[in-house]
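Dumped input_35.tsv below, it's TSV, C-alpha atoms and all ligand atoms:
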```
chain	number	residue	atom	x	y	z
A	256	MET	CA	13.73	-13.41	7.63
A	257	HIS	CA	10.30	-14.60	6.43
A	258	ALA	CA	8.25	-11.78	4.89
A	259	VAL	CA	4.51	-11.77	4.35
A	260	GLY	CA	2.94	-9.20	2.05
A	261	ILE	CA	-0.55	-7.87	2.72
A	262	VAL	CA	-2.06	-6.27	-0.36
A	263	ALA	CA	-4.99	-3.98	0.48
A	264	ALA	CA	-7.36	-4.45	-2.45
A	265	ALA	CA	-10.81	-4.03	-0.91
A	266	GLY	CA	-11.42	-0.48	-2.17
A	267	SER	CA	-14.27	0.36	-4.53
A	268	GLY	CA	-12.62	2.35	-7.30
A	269	LEU	CA	-15.32	5.05	-7.27
A	270	ARG	CA	-12.81	7.82	-8.06
A	271	LEU	CA	-11.57	5.82	-11.06
A	272	GLY	CA	-15.13	5.56	-12.37
A	273	ALA	CA	-14.75	1.79	-12.78
A	274	ASP	CA	-17.63	-0.70	-12.70
A	275	VAL	CA	-15.43	-3.30	-10.96
A	276	PRO	CA	-13.35	-2.96	-7.75
A	277	LYS	CA	-10.29	-0.81	-8.54
A	278	ALA	CA	-7.88	-3.68	-7.92
A	279	LEU	CA	-9.48	-5.62	-10.80
A	280	VAL	CA	-9.19	-2.76	-13.29
A	281	ARG	CA	-6.81	-3.84	-16.05
A	282	LEU	CA	-3.43	-2.34	-16.82
A	283	ALA	CA	-1.94	-3.67	-20.07
A	284	GLY	CA	-4.50	-6.48	-19.89
A	285	ARG	CA	-3.77	-7.60	-16.30
A	286	PRO	CA	-5.64	-6.63	-13.12
A	287	LEU	CA	-3.83	-4.01	-10.98
A	288	VAL	CA	-3.78	-6.43	-8.03
A	289	ALA	CA	-1.86	-9.05	-10.07
A	290	TRP	CA	0.83	-6.46	-10.88
A	291	SER	CA	1.09	-5.46	-7.21
A	292	VAL	CA	1.41	-9.06	-6.00
A	293	ASP	CA	4.14	-9.68	-8.60
A	294	ALA	CA	6.03	-6.57	-7.46
A	295	LEU	CA	6.16	-7.79	-3.86
A	296	ARG	CA	7.28	-11.27	-4.87
A	297	ALA	CA	9.93	-9.98	-7.26
A	298	GLY	CA	11.29	-7.86	-4.40
A	299	GLY	CA	11.68	-10.85	-2.08
A	300	VAL	CA	8.37	-11.26	-0.23
A	301	ASP	CA	7.77	-14.95	0.60
A	302	GLU	CA	3.95	-15.15	0.85
A	303	VAL	CA	1.07	-12.84	0.01
A	304	VAL	CA	-2.38	-12.20	1.49
A	305	VAL	CA	-4.81	-10.06	-0.53
A	306	THR	CA	-7.78	-8.40	1.18
A	307	VAL	CA	-10.77	-8.38	-1.17
A	308	PRO	CA	-14.14	-6.62	-1.18
A	309	SER	CA	-17.05	-8.55	0.28
A	310	GLY	CA	-18.67	-10.80	-2.36
A	311	CYS	CA	-15.70	-10.61	-4.75
A	312	ARG	CA	-13.64	-13.60	-3.64
A	313	ASP	CA	-14.22	-15.64	-6.83
A	314	ALA	CA	-13.28	-12.78	-9.15
A	315	PHE	CA	-10.04	-12.18	-7.22
A	316	ALA	CA	-9.23	-15.91	-7.07
A	317	ALA	CA	-9.52	-15.99	-10.88
A	318	ALA	CA	-7.20	-12.97	-11.20
A	319	LEU	CA	-4.41	-14.25	-8.93
A	320	PRO	CA	-2.03	-17.22	-8.62
A	321	GLY	CA	-3.45	-20.10	-6.56
A	322	ASP	CA	-0.96	-19.72	-3.69
A	323	VAL	CA	-2.13	-16.18	-2.84
A	324	ARG	CA	-4.32	-16.22	0.28
A	325	LEU	CA	-7.53	-14.16	0.16
A	326	ALA	CA	-9.16	-12.46	3.16
A	327	GLU	CA	-12.35	-10.42	3.20
A	328	GLY	CA	-11.58	-6.72	3.71
A	329	GLY	CA	-13.57	-4.18	5.68
A	330	ALA	CA	-15.29	-0.83	5.26
A	331	SER	CA	-12.04	1.15	5.69
A	332	ARG	CA	-8.45	0.51	4.62
A	333	THR	CA	-7.54	0.13	8.28
A	334	ALA	CA	-10.18	-2.60	8.74
A	335	SER	CA	-8.97	-4.35	5.59
A	336	VAL	CA	-5.34	-4.42	6.73
A	337	ARG	CA	-6.46	-5.68	10.14
A	338	ALA	CA	-8.17	-8.61	8.38
A	339	GLY	CA	-5.00	-9.25	6.35
A	340	ILE	CA	-2.83	-9.39	9.47
A	341	ASP	CA	-5.21	-11.91	11.02
A	342	ALA	CA	-5.08	-14.08	7.86
A	343	ALA	CA	-1.26	-14.11	7.55
A	344	SER	CA	0.45	-17.34	8.52
A	345	PRO	CA	2.04	-17.19	11.97
A	346	GLY	CA	5.55	-18.02	10.66
A	347	ALA	CA	6.29	-14.56	9.24
A	348	ASP	CA	8.56	-12.22	11.19
A	349	VAL	CA	8.10	-9.14	9.02
A	350	VAL	CA	5.02	-7.75	7.24
A	351	LEU	CA	4.94	-5.52	4.16
A	352	VAL	CA	1.62	-3.74	3.69
A	353	HIS	CA	1.04	-2.63	0.11
A	354	ASP	CA	-1.72	-0.88	-1.85
A	355	ALA	CA	-3.09	-2.91	-4.76
A	356	ALA	CA	-3.36	0.46	-6.47
A	357	ARG	CA	0.45	0.75	-6.86
A	358	PRO	CA	0.93	-1.78	-9.67
A	359	LEU	CA	4.31	-0.63	-11.03
A	360	THR	CA	6.24	-0.59	-7.75
A	361	PRO	CA	9.83	-1.53	-8.67
A	362	PRO	CA	11.24	-4.64	-6.93
A	363	ASP	CA	14.28	-2.56	-5.84
A	364	MET	CA	12.02	-0.39	-3.72
A	365	VAL	CA	10.59	-3.49	-2.02
A	366	ARG	CA	14.15	-4.66	-1.39
A	367	ARG	CA	15.06	-1.32	0.24
A	368	VAL	CA	12.19	-1.73	2.70
A	369	LEU	CA	13.20	-5.33	3.48
A	370	ALA	CA	16.85	-4.32	3.95
A	371	ALA	CA	15.93	-1.66	6.52
A	372	LEU	CA	13.83	-4.23	8.42
A	373	ALA	CA	16.73	-6.71	8.29
A	374	ALA	CA	18.94	-3.96	9.75
A	375	GLY	CA	16.69	-3.93	12.80
A	376	HIS	CA	14.26	-1.06	12.20
A	377	PRO	CA	10.75	-2.06	13.35
A	378	ALA	CA	8.90	0.26	10.96
A	379	VAL	CA	9.99	1.49	7.51
A	380	VAL	CA	8.19	3.58	4.88
A	381	PRO	CA	9.27	4.64	1.37
A	382	VAL	CA	8.96	8.38	0.76
A	383	LEU	CA	9.47	10.98	-1.97
A	384	PRO	CA	10.20	14.70	-1.69
A	385	VAL	CA	7.39	17.21	-2.10
A	386	VAL	CA	7.97	19.38	-5.18
A	387	ASP	CA	4.97	21.72	-4.90
A	388	THR	CA	4.52	24.31	-2.18
A	389	THR	CA	2.02	22.62	0.16
A	390	VAL	CA	-0.45	24.52	2.33
A	391	VAL	CA	-3.06	23.95	5.03
A	392	VAL	CA	-6.52	25.46	4.44
A	393	ASP	CA	-9.57	26.02	6.64
A	394	ASP	CA	-13.15	24.92	5.83
A	395	ASP	CA	-13.54	27.93	3.50
A	396	GLY	CA	-10.40	27.10	1.53
A	397	VAL	CA	-8.42	29.99	3.02
A	398	ILE	CA	-4.74	29.20	3.63
A	399	THR	CA	-3.90	29.02	7.33
A	400	GLY	CA	-0.38	27.63	7.11
A	401	ALA	CA	2.44	26.61	4.80
A	402	PRO	CA	4.78	24.02	6.33
A	403	PRO	CA	8.40	24.28	5.12
A	404	ARG	CA	8.55	22.09	2.01
A	405	SER	CA	12.02	20.74	2.79
A	406	ALA	CA	10.63	18.80	5.78
A	407	LEU	CA	7.65	17.29	3.90
A	408	ARG	CA	7.56	13.86	2.23
A	409	ARG	CA	4.98	11.93	0.19
A	410	VAL	CA	4.45	8.47	1.66
A	411	GLN	CA	4.16	5.36	-0.51
A	412	THR	CA	3.81	1.62	0.02
A	413	PRO	CA	4.94	-1.09	0.66
A	414	GLN	CA	5.42	-0.11	4.28
A	415	GLY	CA	7.39	-2.66	6.29
A	416	PHE	CA	7.02	-3.68	9.93
A	417	ASP	CA	8.24	-6.13	12.48
A	418	ARG	CA	5.25	-8.43	12.63
A	419	ALA	CA	4.79	-8.33	16.43
A	420	VAL	CA	5.09	-4.51	16.46
A	421	LEU	CA	2.41	-4.12	13.76
A	422	ALA	CA	0.07	-6.68	15.35
A	423	SER	CA	0.24	-5.05	18.77
A	424	ALA	CA	-0.21	-1.55	17.30
A	425	TYR	CA	-3.38	-2.73	15.52
A	426	ALA	CA	-4.56	-4.49	18.71
A	427	ALA	CA	-4.20	-1.20	20.62
A	428	LEU	CA	-6.10	0.81	17.98
A	429	ALA	CA	-9.81	1.63	18.41
A	430	ALA	CA	-11.96	-0.84	16.43
A	431	ASP	CA	-13.49	1.95	14.31
A	432	ALA	CA	-10.24	3.88	13.70
A	433	ASP	CA	-9.67	4.81	10.05
A	434	LEU	CA	-6.10	5.93	9.29
A	435	THR	CA	-4.77	6.40	5.77
A	436	ASP	CA	-1.64	4.28	6.21
A	437	ASP	CA	0.01	1.79	8.55
A	438	ALA	CA	2.85	4.05	9.64
A	439	ALA	CA	0.15	6.15	11.33
A	440	VAL	CA	-1.03	3.04	13.20
A	441	VAL	CA	2.39	2.21	14.66
A	442	ARG	CA	3.17	5.88	15.33
A	443	ALA	CA	-0.03	6.01	17.39
A	444	ALA	CA	1.56	3.22	19.47
A	445	GLY	CA	4.75	5.28	19.93
A	446	VAL	CA	6.94	3.40	17.44
A	447	ALA	CA	9.61	5.38	15.50
A	448	VAL	CA	9.18	5.04	11.73
A	449	VAL	CA	12.25	5.37	9.49
A	450	THR	CA	12.15	6.27	5.80
A	451	VAL	CA	13.83	4.90	2.68
A	452	ALA	CA	13.75	6.27	-0.85
A	453	GLY	CA	10.48	5.71	-2.68
A	454	ASP	CA	10.05	5.74	-6.47
A	455	GLU	CA	7.82	7.78	-8.78
A	456	ARG	CA	6.95	4.56	-10.64
A	457	ALA	CA	5.20	3.31	-7.49
A	458	ALA	CA	2.55	6.05	-7.88
A	459	LYS	CA	-0.97	5.20	-6.74
A	460	VAL	CA	-3.64	4.75	-9.41
A	461	THR	CA	-6.57	6.80	-8.11
A	462	VAL	CA	-8.14	8.65	-11.04
A	463	ALA	CA	-8.35	7.86	-14.78
A	464	HIS	CA	-5.32	10.05	-15.55
A	465	ASP	CA	-3.16	7.87	-13.26
A	466	LEU	CA	-4.19	4.77	-15.21
A	467	ALA	CA	-3.27	6.46	-18.49
A	468	LEU	CA	0.17	7.32	-17.06
A	469	ALA	CA	0.66	3.72	-15.92
A	470	GLU	CA	-0.30	2.47	-19.41
A	471	ALA	CA	2.32	4.82	-20.89
A	472	GLN	CA	4.88	3.50	-18.40
A	473	VAL	CA	4.39	-0.09	-19.56
A	474	GLY	CA	4.50	1.03	-23.18
A	475	ARG	CA	0.87	0.62	-24.24
B	1	LIG	O1	-8.55	4.80	-0.92
B	1	LIG	P1	-7.10	4.62	-1.11
B	1	LIG	O2	-6.65	4.90	-2.52
B	1	LIG	O3	-6.24	5.29	-0.09
B	1	LIG	O4	-6.87	3.06	-0.92
B	1	LIG	C1	-5.57	2.53	-0.88
B	1	LIG	C2	-5.64	1.01	-0.96
B	1	LIG	O5	-6.43	0.51	0.11
B	1	LIG	C3	-6.29	0.53	-2.27
B	1	LIG	O6	-5.45	-0.44	-2.86
B	1	LIG	C4	-7.63	-0.02	-1.83
B	1	LIG	O7	-8.06	-1.16	-2.57
B	1	LIG	C5	-7.38	-0.42	-0.37
B	1	LIG	N1	-8.60	-0.37	0.45
B	1	LIG	C6	-9.00	-1.52	1.14
B	1	LIG	N2	-10.17	-1.50	1.88
B	1	LIG	C7	-10.95	-0.40	1.92
B	1	LIG	C8	-10.54	0.78	1.23
B	1	LIG	C9	-9.35	0.76	0.51
B	1	LIG	O8	-8.31	-2.53	1.09
B	1	LIG	N3	-12.09	-0.44	2.61
```

If you convert what's in this file into structure tokens, what do you get?
Ligand code: C5P
Amino acid sequence: MHAVGIVAAAGSGLRLGADVPKALVRLAGRPLVAWSVDALRAGGVDEVVVTVPSGCRDAFAAALPGDVRLAEGGASRTASVRAGIDAASPGADVVLVHDAARPLTPPDMVRRVLAALAAGHPAVVPVLPVVDTTVVVDDDGVITGAPPRSALRRVQTPQGFDRAVLASAYAALAADADLTDDAAVVRAAGVAVVTVAGDERAAKVTVAHDLALAEAQVGR
């Protein structure tokens, strides 16, 4: 099985308050995207494509090993991943799509996703239980529903797919569609998505507090 990793790194980092793209923000002295690429490789991914913000190719090339392929991302995460799929070499039979903003993803979690793909599942996502009561609100913030917590999961990345399944799901998606993850893209094409255990250490760095937690995790 030849696995390509697509690291979505074309976000702006506005919520982090950074003056560089979020993926270039440093954790223990190294850009987040470098940590995320390492995590995929340590878990068994053979090649990596990173989608970068427009105009930032040189800065990302300087932050990453020379054998990482760079592709220009788009205005939405969905557009960025689409560009990454197009840039991946045709030899891969599975694709792992990962957020650059999950720098401390343990290699074991990557291996669990790859193992489920090797077992024949076409779409695999790592998930965690929901510990807070979770509600639905209307435009005024009034609660309109409270789904049973036992059936809810938080979805992480890397999300793994049979390459042909992911490519055809993206091909069938409207050009301007903007979904928050890739499982939603294949589900829209009618593909069943199985889950494996995620890991709290793979948390997404979104706001400054998340970066402080990640620094604590690596002992800085
Ligand atoms: O915005 P959010 O935190 O959900 O972004 C998840 C990942 O998608 C981040 O790693 C970000 O860099 C990436 N992204 C992207 N292209 C965009 C927006 C987000 O690659 N246009």

Exercise. Step by step, measure atom-to-atom distances between ligand LIG 1 (chain B) and each residue using only C-alpha atoms and all ligand atoms, keep those at most 7 Å, then write them as a PyMOL selection string.
Key: chain A and resi 263-267+277-278+306-307+328-332+334-336+354-356+435+461

Self-check item: Residue with smallest distance to Leu468 (chain A) - pool A:Ile261, A:Ala401, A:Ala283, A:Ala373, counting all atoms listed in the file
Solution: A:Ala283

Would you pick out the contacts of Val448 (chain A) at 9 Å or less, using only C-alpha atoms, so that residues sharing its chain but fewer than 4 positions from it are not included, and give the list as a compact mmCIF listing (two decimals) with C-alpha atoms, in the coordinates of the input?
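The result, stored in part.txt:
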```txt
# COMPACT_ATOMS: atom_id res chain seq x y z
CA HIS A 376 14.26 -1.06 12.20
CA PRO A 377 10.75 -2.06 13.35
CA ALA A 378 8.90 0.26 10.96
CA VAL A 379 9.99 1.49 7.51
CA VAL A 380 8.19 3.58 4.88
CA ALA A 438 2.85 4.05 9.64
CA VAL A 441 2.39 2.21 14.66
CA ARG A 442 3.17 5.88 15.33
```

Quiz item: A:Asp437, A:Asp363, A:Glu455, A:Asp322: which is nearest Val385 (chain A), counting all atoms listed in the file?
Solution: A:Glu455

Exercise. Counting all atoms listed in the file, write as number ranges by chain all protein and nucleic acid residues lying at most 12 Å from (-8.5, 11.1, -13.7) in the file's frame.
Key: A: 268-273, 459-469

Quiz item: Which one is closest to Val382 (chain A): A:Gly339, A:Ala314, A:Asp433, A:Gln411? Count all atoms listed in the file.
Solution: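 Closest to Val382 (chain A), using all atoms listed in the file: A:Gln411.
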
Practice problem: Kindly extract all protein, DNA and RNA residues lying within 8 Å of the coordinates (6.5, 9.2, -3.2) given in the file, considering only C-alpha atoms, and supply them as number ranges by chain. | Solution: A: 381-384, 408-411, 453-455, 457-458

Selection above as a file: C-alpha atoms, as a short mmCIF file (atom, residue, chain, number, x, y, z; two decimals), in the frame of the given file:
```cif
data_model
loop_
_atom_site.label_atom_id
_atom_site.label_comp_id
_atom_site.auth_asym_id
_atom_site.auth_seq_id
_atom_site.Cartn_x
_atom_site.Cartn_y
_atom_site.Cartn_z
CA PRO A 381 9.27 4.64 1.37
CA VAL A 382 8.96 8.38 0.76
CA LEU A 383 9.47 10.98 -1.97
CA PRO A 384 10.20 14.70 -1.69
CA ARG A 408 7.56 13.86 2.23
CA ARG A 409 4.98 11.93 0.19
CA VAL A 410 4.45 8.47 1.66
CA GLN A 411 4.16 5.36 -0.51
CA GLY A 453 10.48 5.71 -2.68
CA ASP A 454 10.05 5.74 -6.47
CA GLU A 455 7.82 7.78 -8.78
CA ALA A 457 5.20 3.31 -7.49
CA ALA A 458 2.55 6.05 -7.88
#
```

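From CA of Asp274 (chain A) back to CA of Gly310 (chain A), the distance works out to 14.5 Å.
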
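Put simply, CA of Ile340 (chain A) is 20.2 Å away from CA of Ala447 (chain A).
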
Exercise. Return the single residue from A:Pro362, A:Gly415, A:Gly321, A:Gly284 that is closest to Val259 (chain A), with distances computed using all atoms listed in the file.
Key: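 Distance minimum relative to Val259 (chain A) lands on A:Gly415.
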
Some atoms are absent from region 446-457 of chain A, so rebuild all heavy atoms and return them as a compact mmCIF listing (two decimals), in the coordinates of the input.
```txt
# COMPACT_ATOMS: atom_id res chain seq x y z
N VAL A 446 5.80 4.03 18.13
CA VAL A 446 6.94 3.40 17.44
C VAL A 446 7.57 4.41 16.46
O VAL A 446 6.85 5.09 15.72
CB VAL A 446 6.47 2.15 16.65
CG1 VAL A 446 7.62 1.52 15.87
CG2 VAL A 446 5.84 1.14 17.60
N ALA A 447 8.92 4.50 16.45
CA ALA A 447 9.61 5.38 15.50
C ALA A 447 9.57 4.74 14.12
O ALA A 447 9.83 3.54 13.98
CB ALA A 447 11.05 5.59 15.95
N VAL A 448 9.27 5.54 13.11
CA VAL A 448 9.18 5.04 11.73
C VAL A 448 10.31 5.66 10.91
O VAL A 448 10.38 6.89 10.82
CB VAL A 448 7.82 5.39 11.10
CG1 VAL A 448 7.73 4.85 9.68
CG2 VAL A 448 6.67 4.85 11.95
N VAL A 449 11.18 4.83 10.33
CA VAL A 449 12.25 5.37 9.49
C VAL A 449 11.81 5.38 8.03
O VAL A 449 10.85 4.69 7.65
CB VAL A 449 13.59 4.59 9.64
CG1 VAL A 449 14.09 4.64 11.07
CG2 VAL A 449 13.46 3.17 9.14
N THR A 450 12.51 6.16 7.22
CA THR A 450 12.15 6.27 5.80
C THR A 450 13.28 5.76 4.91
O THR A 450 14.46 5.84 5.27
CB THR A 450 11.83 7.74 5.42
OG1 THR A 450 12.99 8.55 5.66
CG2 THR A 450 10.66 8.27 6.23
N VAL A 451 12.87 5.23 3.75
CA VAL A 451 13.83 4.90 2.68
C VAL A 451 13.32 5.58 1.41
O VAL A 451 12.19 6.07 1.38
CB VAL A 451 13.95 3.36 2.46
CG1 VAL A 451 14.54 2.68 3.67
CG2 VAL A 451 12.61 2.75 2.08
N ALA A 452 14.15 5.59 0.38
CA ALA A 452 13.75 6.27 -0.85
C ALA A 452 12.61 5.53 -1.54
O ALA A 452 12.67 4.31 -1.74
CB ALA A 452 14.95 6.36 -1.80
N GLY A 453 11.56 6.27 -1.88
CA GLY A 453 10.48 5.71 -2.68
C GLY A 453 10.83 5.81 -4.16
O GLY A 453 12.00 5.95 -4.53
N ASP A 454 9.82 5.72 -5.02
CA ASP A 454 10.05 5.74 -6.47
C ASP A 454 8.80 6.27 -7.16
O ASP A 454 7.70 5.81 -6.84
CB ASP A 454 10.36 4.31 -6.95
CG ASP A 454 10.93 4.27 -8.35
OD1 ASP A 454 10.25 4.77 -9.28
OD2 ASP A 454 12.05 3.76 -8.52
N GLU A 455 8.98 7.21 -8.08
CA GLU A 455 7.82 7.78 -8.78
C GLU A 455 7.00 6.70 -9.49
O GLU A 455 5.80 6.82 -9.66
CB GLU A 455 8.26 8.84 -9.80
CG GLU A 455 8.90 10.09 -9.21
CD GLU A 455 7.93 10.99 -8.45
OE1 GLU A 455 6.72 10.71 -8.44
OE2 GLU A 455 8.42 11.96 -7.84
N ARG A 456 7.67 5.62 -9.91
CA ARG A 456 6.95 4.56 -10.64
C ARG A 456 5.97 3.81 -9.74
O ARG A 456 5.11 3.10 -10.23
CB ARG A 456 7.97 3.59 -11.27
CG ARG A 456 8.77 4.21 -12.39
CD ARG A 456 9.91 3.32 -12.83
NE ARG A 456 10.94 3.25 -11.79
CZ ARG A 456 12.07 2.54 -11.88
NH1 ARG A 456 12.30 1.82 -12.96
NH2 ARG A 456 12.95 2.55 -10.90
N ALA A 457 6.11 3.97 -8.44
CA ALA A 457 5.20 3.31 -7.49
C ALA A 457 3.97 4.18 -7.21
O ALA A 457 3.27 3.96 -6.23
CB ALA A 457 5.92 2.99 -6.19
```
